[in-house]
Every structure is written in C-alpha cells, then in structure tokens.
Amino acid sequence: MSLRDHLQAVFEKRFKAKPTYIVRAPGRVNLIGEHTDYNAGFVLPMAINRAIYLALRPREDRYVFVESIDYGDYVEFSLDEMVRGRHSQWAEYVKGMAWALEDSGYTLNGWEGVVAGDVPIGAGLSSSAAIEMATARAFSALGSVAWDAANMARLGQKTENQWIDVQSGIMDQMISAGAVEGNALLIDCRWLTLKPAPLPPGVSIIILDTATRRELSHSGYNERRAQCEAAARHFGVAALRDVTMSQFIAGSAGLEARALKRARHVISENARTLQAAAAMYAGDAAEIGRLMNDSHASMRDDFEITRREIDTMVEIAQAQPGCYGARMTGGGFGGCCVALVDTDRADAFSEAVSERYTQATDLAPALYVSSAAAGAEILQA
Ligand code: GLA
C-alpha cells in the first residue's frame with residue numbers, strides 16, 4: 001500500500017469520513033552551501049523524493065486534531081490556547097507553525113488530520129522543516145493563509161527559532177516550500193529569491209546515510225553561529241556574505257583563531273556555491289563535483305563539523321569510479337553525505353560504498369538515489 005493510501009485509510013478509520021485534502025512537503029538534501037544561510041549567503045539544495053504527507057478536512061471550530069502514524073500518537077489543541085512544550089516533539093512543529101501563522105496576523109481555521117512521512121528522522125534531511133511546511137500547506141488548503149513560499153519559509157524558521165528553540169537558518173524551509181521538480185534551487189538567503197538550477201544530464205544524486213545521528217548538535221550549531229557573528233563584527237559588516245575572499249585575507253589580522261577558520265569556511269563556501277550554480281547551468285558535472293569535494297574539506301578542516309564516520313563515508317565515495325564529488329550535507333556532526341555520480345555507475349557505486357563503509361565502521365548505512373522533487377503542494381484527496 002502506498003503511503004498516501006495508508007494515510008487515507010487511517011484517516012477514514014479515525015474520522016469516519018474521507019479527507020478533503022492531502023498535502024505534501026518534501027525533505028531536502030543540500031548539494032553545496034553549508035552554514036551560509038544564517039550568514040545571509042547562498043545555498044544550493046534540492047528537494048528529495050521523500051516527504052511528509054498530511055490528510056485533512058476542515059472543522060467548524062478552532063481545534064486541530066491530528067494523529068501521527070509514524071509516532072503512534074494523537075493530539076488535540078485549540079488555536080485559541082497554544083502552549084509551548086505540552087505535546088511530543090512532532091506535534092510541537094504542527095502547533096508551533098500554527099502559532100507562527102497566528103502571531104503574524106492570520107486567523108486560522110481548525111482541521112482534523114493524519115500525518116505520515118518517509119523522510120528519515122534526525123538524519124539531516126529536514127523532516128522537521130517538511131512537517132512545518134506541510135502544516136502551512138494544510139492551513140493554506142483551508143483558505144486561512146495565502147501560500148507564498150518565502151513567507152511560509154520565514155514563518156517556519158520563526159517556529160524553529162522561537163517555538164522549538166533551535167537557532168537554524170532558512171534554507172530547509174525555503175527548499176521544502178519552493179522547490180521546482182527536476183531542479184536544485186540557488187537560494188539567496190538575504191533576499192529570499194530562488195533560482196532553479198537543473199541537474200546535469202546523466203548524473204544521479206545519491207544520499208549516503210552514515211547511520212550516525214547528530215548528538216549534541218544544537219550546541220555545536222549555535223556556537224558556530226556565534227563565531228560567524230563575531231567574525232562579521234570584526235569586519236564591520238552585517239553578515240559574512242558581505243566579505244569577499246580578498247577582503248578576508250587583507251583584514252583578518254586580530255581575528256581570534258577559531259572565528260578566523262569559521263569565517264574562511266563561510267566566505268569560501270559562499271563563493272563555491274555561486275560557482276557550483278554556474279557549473280549547473282553549464283552542465284559541468286566535473287566542476288560541481290570538484291566544488292563539493294572542496295566544500296567537504298572546508299567543513300572538516302575550517303568549520304570542524306564532521307566526524308570520523310562522515311569523513312570515512314566521503315573518502316570512500318570520492319574514491320569510487322563514476323563519482324564526481326561527495327560531501328557531508330546539512331548541519332553537521334552526523335547524519336548524511338551526498339554524492340554526485342554517473343547514473344550508469346550508480347548501482348555499482350552504491351554497492352561498493354555500502355560494503356566498504358561497513359568494513360570501515362561496522363555500521364550499516366542507507367543509500368538512496370533521489371530525484372529532485374517539487375516543493376510543498378496540495379494533492380487531490
Ligand atoms: C541545518 C539548518 C539550516 C542550515 C544547515 C547548515 O540544516 O536548519 O538552516 O544552517 O543546517 O547549512
């Protein structure tokens with residue numbers, strides 16, 4: 001049974017009716033541009049063919065009733081009485097998104113629904129942004145909210161920052177909301193503009209889940225953010241996006257050693273992201289791969305957000321025939337890597353990488369070939 005059929009069946013069982021809408025919001029893999037989003041820079045993510053689905057029908061009152069198949073959990077809350085932290089985490093994303101919408105002036109309608117997904121949780125593929133954007137899509141399906149990808153992404157980030165208490169940037173919500181099928185998106189995180197960038201023909205994106213998870217990643221993430229902000233202050237700019245590599249080299253004297261490395265990563269990564277987008281338009285897979293490899297080295301040596309298993313996975317991937325490049329993807333400290341591989345060699349690549357990674361680490365990785373999916377949408381129920 002497909003996930004959608006299952007969702008529909010569970011909905012009918014719980015609410016004794018058919019859903020009016022099914023909405024879908026995808027997870028993402030970032031091809032390049034890591035930790036550049038909160039430095040007002042550029043990112044180049046792609047929505048993956050794994051998503052959160054939400055089946056719903058409107059209610060006459062201002063209650064939200066929602067069941068999660070994945071968590072075997074059911075919650076109810078009133079839009080007039082939203083309290084933080086009362087429910088399990090998955091439901092806090094739903095409630096937090098409702099809060100962010102109401103807080104910015106929308107008057108929402110209640111609904112009842114069932115949610116399920118196939119985005120691996122905690123793997124760095126943005127299952128939380130997907131549940132936020134699915135929730136926003138649900139409210140938009142009911143007519144309470146005019147759908148605008150950048151605006152919904154902004155409110156998803158507000159949910160993370162103010163409701164969940166994670167100081168993340170806006171990349172994950174932007175790609176989940178605004179993705180264009182068959183394309184990665186070059187996102188300008190200062191102006192929130194999106195530019196589709198097609199994948200070169202004949203290459204596949206392979207996600208390499210190391211089977212490690214991001215323990216203690218919040219503190220590492222927030223610390224990196226603070227170091228970047230300190231570096232921006234040193235250069236007298238609003239964000240590191242405003243510093244070029246030559247300005248960095250000329251002006252880095254006096255910058256604390258760690259902040260200097262963090263800034264060098266962000267400034268070089270921002271430039272690599274723009275170069276990678278240009279290489280996408282030129283259909284130059286070799287160049288994109290080279291930039292991905294450089295990005296990994298920069299995250300490992302300057303931003304220091306990788307770990308042994310991640311570096312091992314990337315080294316194994318990079319050494320395989322038909323691999324143009326590989327790097328860690330997402331916030332860091334565990335989770336997934338991403339590789340750009342000749343489609344003809346994708347099967348042999350996946351087999352060899354799985355086997356060698358297990359030999360090296362004793363862990364069983366998960367590998368997925370992913371097409372570039374569309375962003376959040378309302379499907380026929
Ligand atoms: C996480 C955050 C994003 C971004 C990445 C790193 O995914 O949610 O905003 O900062 O890490 O690029």
# chains A, B, ... in the order shown; residues from 1 in each chain; ligands from 1
$ residues_near_ligand --ligand "ligand 1" --cutoff "6 Å" --atoms "only C-alpha atoms and all ligand atoms" --output "list in words"
Glu34, His35, Asp37, Ser168, Gly169, Ile170, Met171, Asp172, Gly330 and Gly331 of chain A
$ write_last_selection --atoms "all heavy atoms" --output "PDB file, in the first residue's frame"
ATOM      1  N   GLU A  34      26.925  25.235   2.845  1.00  0.00           N
ATOM      2  CA  GLU A  34      26.586  24.786   4.203  1.00  0.00           C
ATOM      3  C   GLU A  34      26.966  25.846   5.221  1.00  0.00           C
ATOM      4  O   GLU A  34      28.094  26.373   5.190  1.00  0.00           O
ATOM      5  CB  GLU A  34      27.321  23.473   4.479  1.00  0.00           C
ATOM      6  CG  GLU A  34      26.503  22.466   5.210  1.00  0.00           C
ATOM      7  CD  GLU A  34      25.301  21.949   4.410  1.00  0.00           C
ATOM      8  OE1 GLU A  34      25.483  21.068   3.560  1.00  0.00           O
ATOM      9  OE2 GLU A  34      24.176  22.450   4.652  1.00  0.00           O
ATOM     10  N   HIS A  35      26.021  26.150   6.098  1.00  0.00           N
ATOM     11  CA  HIS A  35      26.177  27.180   7.131  1.00  0.00           C
ATOM     12  C   HIS A  35      26.376  28.569   6.519  1.00  0.00           C
ATOM     13  O   HIS A  35      26.926  29.464   7.141  1.00  0.00           O
ATOM     14  CB  HIS A  35      27.305  26.828   8.113  1.00  0.00           C
ATOM     15  CG  HIS A  35      26.935  25.678   9.003  1.00  0.00           C
ATOM     16  ND1 HIS A  35      26.421  25.853  10.259  1.00  0.00           N
ATOM     17  CD2 HIS A  35      26.960  24.342   8.774  1.00  0.00           C
ATOM     18  CE1 HIS A  35      26.168  24.646  10.789  1.00  0.00           C
ATOM     19  NE2 HIS A  35      26.487  23.723   9.906  1.00  0.00           N
ATOM     20  N   ASP A  37      23.526  29.969   5.132  1.00  0.00           N
ATOM     21  CA  ASP A  37      22.181  30.597   5.134  1.00  0.00           C
ATOM     22  C   ASP A  37      22.052  31.672   6.215  1.00  0.00           C
ATOM     23  O   ASP A  37      21.594  32.784   5.941  1.00  0.00           O
ATOM     24  CB  ASP A  37      21.033  29.575   5.180  1.00  0.00           C
ATOM     25  CG  ASP A  37      20.958  28.688   6.406  1.00  0.00           C
ATOM     26  OD1 ASP A  37      21.906  28.683   7.225  1.00  0.00           O
ATOM     27  OD2 ASP A  37      19.929  27.976   6.546  1.00  0.00           O
ATOM     28  N   SER A 168      18.199  27.806  13.842  1.00  0.00           N
ATOM     29  CA  SER A 168      18.559  27.445  12.474  1.00  0.00           C
ATOM     30  C   SER A 168      18.310  28.584  11.502  1.00  0.00           C
ATOM     31  O   SER A 168      17.595  29.545  11.810  1.00  0.00           O
ATOM     32  CB  SER A 168      17.753  26.229  12.046  1.00  0.00           C
ATOM     33  OG  SER A 168      16.399  26.519  12.195  1.00  0.00           O
ATOM     34  N   GLY A 169      18.880  28.454  10.318  1.00  0.00           N
ATOM     35  CA  GLY A 169      18.665  29.418   9.234  1.00  0.00           C
ATOM     36  C   GLY A 169      17.390  29.072   8.475  1.00  0.00           C
ATOM     37  O   GLY A 169      16.518  28.352   8.991  1.00  0.00           O
ATOM     38  N   ILE A 170      17.308  29.548   7.227  1.00  0.00           N
ATOM     39  CA  ILE A 170      16.037  29.431   6.498  1.00  0.00           C
ATOM     40  C   ILE A 170      16.084  28.460   5.317  1.00  0.00           C
ATOM     41  O   ILE A 170      15.078  28.211   4.662  1.00  0.00           O
ATOM     42  CB  ILE A 170      15.583  30.834   6.040  1.00  0.00           C
ATOM     43  CG1 ILE A 170      14.083  30.838   5.732  1.00  0.00           C
ATOM     44  CG2 ILE A 170      16.416  31.320   4.842  1.00  0.00           C
ATOM     45  CD1 ILE A 170      13.476  32.201   5.618  1.00  0.00           C
ATOM     46  N   MET A 171      17.259  27.867   5.082  1.00  0.00           N
ATOM     47  CA  MET A 171      17.395  27.006   3.894  1.00  0.00           C
ATOM     48  C   MET A 171      16.359  25.889   3.822  1.00  0.00           C
ATOM     49  O   MET A 171      15.729  25.680   2.778  1.00  0.00           O
ATOM     50  CB  MET A 171      18.789  26.380   3.871  1.00  0.00           C
ATOM     51  CG  MET A 171      18.900  25.203   2.918  1.00  0.00           C
ATOM     52  SD  MET A 171      20.551  24.640   2.655  1.00  0.00           S
ATOM     53  CE  MET A 171      20.945  23.854   4.215  1.00  0.00           C
ATOM     54  N   ASP A 172      16.195  25.146   4.912  1.00  0.00           N
ATOM     55  CA  ASP A 172      15.401  23.915   4.855  1.00  0.00           C
ATOM     56  C   ASP A 172      13.941  24.219   4.514  1.00  0.00           C
ATOM     57  O   ASP A 172      13.314  23.524   3.716  1.00  0.00           O
ATOM     58  CB  ASP A 172      15.477  23.170   6.198  1.00  0.00           C
ATOM     59  CG  ASP A 172      16.926  22.958   6.643  1.00  0.00           C
ATOM     60  OD1 ASP A 172      17.827  23.051   5.787  1.00  0.00           O
ATOM     61  OD2 ASP A 172      17.145  22.725   7.845  1.00  0.00           O
ATOM     62  N   GLY A 330      24.023  19.154   5.248  1.00  0.00           N
ATOM     63  CA  GLY A 330      23.227  19.543   6.420  1.00  0.00           C
ATOM     64  C   GLY A 330      24.074  20.140   7.528  1.00  0.00           C
ATOM     65  O   GLY A 330      25.244  20.484   7.338  1.00  0.00           O
ATOM     66  N   GLY A 331      23.459  20.249   8.691  1.00  0.00           N
ATOM     67  CA  GLY A 331      24.060  20.982   9.811  1.00  0.00           C
ATOM     68  C   GLY A 331      25.364  20.420  10.347  1.00  0.00           C
ATOM     69  O   GLY A 331      26.198  21.148  10.863  1.00  0.00           O
TER      70      GLY A 331
END
$ residues_around --residues "segment 353-355 of chain A" --least-positions-apart "6" --cutoff "8 Å" --atoms "only C-alpha atoms" --output "ChimeraX atom specification"
/A:313,316-317,320,364-367
$ write_last_selection --atoms "N, CA, C and O atoms" --output "short mmCIF file (atom, residue, chain, number, x, y, z; two decimals), in the first residue's frame"
data_model
loop_
_atom_site.label_atom_id
_atom_site.label_comp_id
_atom_site.auth_asym_id
_atom_site.auth_seq_id
_atom_site.Cartn_x
_atom_site.Cartn_y
_atom_site.Cartn_z
N MET A 313 32.97 8.00 5.13
CA MET A 313 31.98 7.83 4.06
C MET A 313 32.36 8.68 2.83
O MET A 313 32.31 8.19 1.69
N ILE A 316 35.43 7.24 0.99
CA ILE A 316 35.09 6.03 0.23
C ILE A 316 34.31 6.42 -1.04
O ILE A 316 34.60 5.94 -2.13
N ALA A 317 33.35 7.30 -0.89
CA ALA A 317 32.53 7.72 -2.04
C ALA A 317 33.40 8.38 -3.10
O ALA A 317 33.32 8.04 -4.29
N GLN A 320 35.35 6.14 -5.59
CA GLN A 320 34.68 5.19 -6.50
C GLN A 320 34.66 5.71 -7.93
O GLN A 320 34.49 6.90 -8.16
N ALA A 364 25.77 -0.04 9.43
CA ALA A 364 25.03 -0.35 8.20
C ALA A 364 24.45 0.95 7.64
O ALA A 364 23.51 1.50 8.21
N PRO A 365 25.00 1.46 6.54
CA PRO A 365 24.50 2.73 6.00
C PRO A 365 23.22 2.50 5.20
O PRO A 365 22.90 1.37 4.86
N ALA A 366 22.50 3.59 4.92
CA ALA A 366 21.37 3.52 3.99
C ALA A 366 21.70 4.44 2.83
O ALA A 366 22.13 5.57 3.05
N LEU A 367 21.54 3.96 1.61
CA LEU A 367 21.84 4.78 0.43
C LEU A 367 20.58 4.96 -0.40
O LEU A 367 19.87 3.97 -0.66
#
$ select_by_dssp --residues "segment 168-276 of chain A" --states "strand (DSSP E or B)" --output "PyMOL selection string"
chain A and resi 183-188+193-198+203-209
$ residues_around --residues "Met174 of chain A" --least-positions-apart "3" --cutoff "10 Å" --atoms "only C-alpha atoms" --output "list in words"
Arg28, Pro45, Ala47, Ala129, Met133, Ala149, Ala150, Asn151, Met152, Ala153, Arg154, Gly156, Gln157, Gly169, Ile170, Met171, Ala177, Gly178, Ala179, Leu185, Ile187, Cys189, Leu192, Thr193, Leu194 and Gly375 of chain A
$ residues_around --residues "His265 of chain A" --least-positions-apart "2" --cutoff "12 Å" --atoms "only C-alpha atoms" --output "number ranges by chain"
A: 33-36, 39, 224, 227-228, 231, 240-241, 243-245, 248, 258-263, 267-273, 294-305
$ closest_residue --among "A:Phe15, A:Trp163, A:Trp90, A:Tyr221" --to "Ala116 of chain A" --atoms "only C-alpha atoms"
A:Trp90
$ atom_distance --atom1 "atom CA of Arg190 of chain A" --atom2 "atom CA of Gly220 of chain A"
23.2 Å
$ closest_residue --among "A:Glu12, A:Glu132, A:Asp344, A:Glu102" --to "Gly202 of chain A" --atoms "only C-alpha atoms"
A:Asp344
$ atom_distance --atom1 "atom CA of Phe11 of chain A" --atom2 "atom CA of Arg24 of chain A"
15.3 Å
$ residues_around --residues "Asp73 of chain A" --least-positions-apart "3" --cutoff "10 Å" --atoms "only C-alpha atoms" --output "PyMOL selection string"
chain A and resi 66-70+87-88+90-91
$ write_last_selection --atoms "N, CA and C atoms" --output "compact mmCIF listing (two decimals), in the first residue's frame"
# COMPACT_ATOMS: atom_id res chain seq x y z
N VAL A 66 -4.93 15.91 15.45
CA VAL A 66 -4.01 15.30 14.48
C VAL A 66 -3.36 14.03 15.03
N GLU A 67 -3.36 13.03 14.16
CA GLU A 67 -2.74 11.74 14.51
C GLU A 67 -1.47 11.58 13.69
N SER A 68 -0.42 11.09 14.33
CA SER A 68 0.82 10.77 13.61
C SER A 68 0.93 9.26 13.50
N ILE A 69 0.98 8.77 12.28
CA ILE A 69 1.13 7.32 12.10
C ILE A 69 2.54 6.91 12.55
N ASP A 70 3.53 7.72 12.18
CA ASP A 70 4.92 7.33 12.47
C ASP A 70 5.19 7.25 13.98
N HIS A 87 3.13 18.97 24.19
CA HIS A 87 2.97 17.73 23.42
C HIS A 87 4.32 17.15 23.02
N SER A 88 4.27 15.97 22.37
CA SER A 88 5.53 15.39 21.87
C SER A 88 6.06 16.26 20.73
N TRP A 90 6.97 16.00 17.57
CA TRP A 90 6.39 16.11 16.22
C TRP A 90 5.20 17.06 16.24
N ALA A 91 4.39 17.00 17.33
CA ALA A 91 3.19 17.83 17.41
C ALA A 91 3.56 19.29 17.71
$ atom_distance --atom1 "atom CA of Leu31 of chain A" --atom2 "atom CA of Leu44 of chain A"
5.7 Å
$ residues_around --residues "Gly117 of chain A" --least-positions-apart "6" --cutoff "7 Å" --atoms "only C-alpha atoms" --output "list in words"
Ala51, Ile52 and Tyr53 of chain A
$ write_last_selection --atoms "C-alpha atoms" --output "PDB file, in the first residue's frame"
ATOM      1  CA  ALA A  51       8.124  13.800   2.065  1.00  0.00           C
ATOM      2  CA  ILE A  52       5.667  14.390   4.884  1.00  0.00           C
ATOM      3  CA  TYR A  53       2.033  13.856   3.868  1.00  0.00           C
TER       4      TYR A  53
END
$ closest_residue --among "A:Tyr74, A:Tyr21, A:Phe349, A:Tyr324" --to "Phe139 of chain A" --atoms "only C-alpha atoms"
A:Tyr21
$ residues_around --residues "Glu81 of chain A" --least-positions-apart "3" --cutoff "10 Å" --atoms "only C-alpha atoms" --output "PDB file with N, CA, C and O atoms, in the first residue's frame"
ATOM      1  N   ARG A  62     -12.220  26.041  16.159  1.00  0.00           N
ATOM      2  CA  ARG A  62     -10.790  26.380  16.072  1.00  0.00           C
ATOM      3  C   ARG A  62      -9.946  25.331  16.808  1.00  0.00           C
ATOM      4  O   ARG A  62      -8.992  25.648  17.502  1.00  0.00           O
ATOM      5  N   TYR A  63     -10.309  24.062  16.616  1.00  0.00           N
ATOM      6  CA  TYR A  63      -9.490  22.979  17.168  1.00  0.00           C
ATOM      7  C   TYR A  63      -8.701  22.298  16.059  1.00  0.00           C
ATOM      8  O   TYR A  63      -9.174  22.212  14.917  1.00  0.00           O
ATOM      9  N   PHE A  77      -5.374  20.268  20.049  1.00  0.00           N
ATOM     10  CA  PHE A  77      -5.132  21.562  20.681  1.00  0.00           C
ATOM     11  C   PHE A  77      -6.062  22.606  20.090  1.00  0.00           C
ATOM     12  O   PHE A  77      -6.587  22.441  18.984  1.00  0.00           O
ATOM     13  N   SER A  78      -6.262  23.670  20.857  1.00  0.00           N
ATOM     14  CA  SER A  78      -7.122  24.751  20.397  1.00  0.00           C
ATOM     15  C   SER A  78      -6.235  25.880  19.864  1.00  0.00           C
ATOM     16  O   SER A  78      -5.223  26.221  20.478  1.00  0.00           O
ATOM     17  N   ARG A  84       3.390  26.203  24.607  1.00  0.00           N
ATOM     18  CA  ARG A  84       4.612  25.514  24.162  1.00  0.00           C
ATOM     19  C   ARG A  84       4.924  24.296  25.016  1.00  0.00           C
ATOM     20  O   ARG A  84       4.729  24.323  26.223  1.00  0.00           O
ATOM     21  N   TRP A  99       1.068  28.590  15.620  1.00  0.00           N
ATOM     22  CA  TRP A  99       1.360  29.778  16.441  1.00  0.00           C
ATOM     23  C   TRP A  99       2.031  30.870  15.593  1.00  0.00           C
ATOM     24  O   TRP A  99       1.649  32.033  15.643  1.00  0.00           O
TER      25      TRP A  99
END
$ closest_residue --among "A:Ala130, A:Leu125, A:Val10, A:Val23" --to "Gly72 of chain A" --atoms "only C-alpha atoms"
A:Val10
$ closest_residue --among "A:Arg356, A:Arg50, A:Arg86, A:Arg264" --to "Glu309 of chain A" --atoms "only C-alpha atoms"
A:Arg356
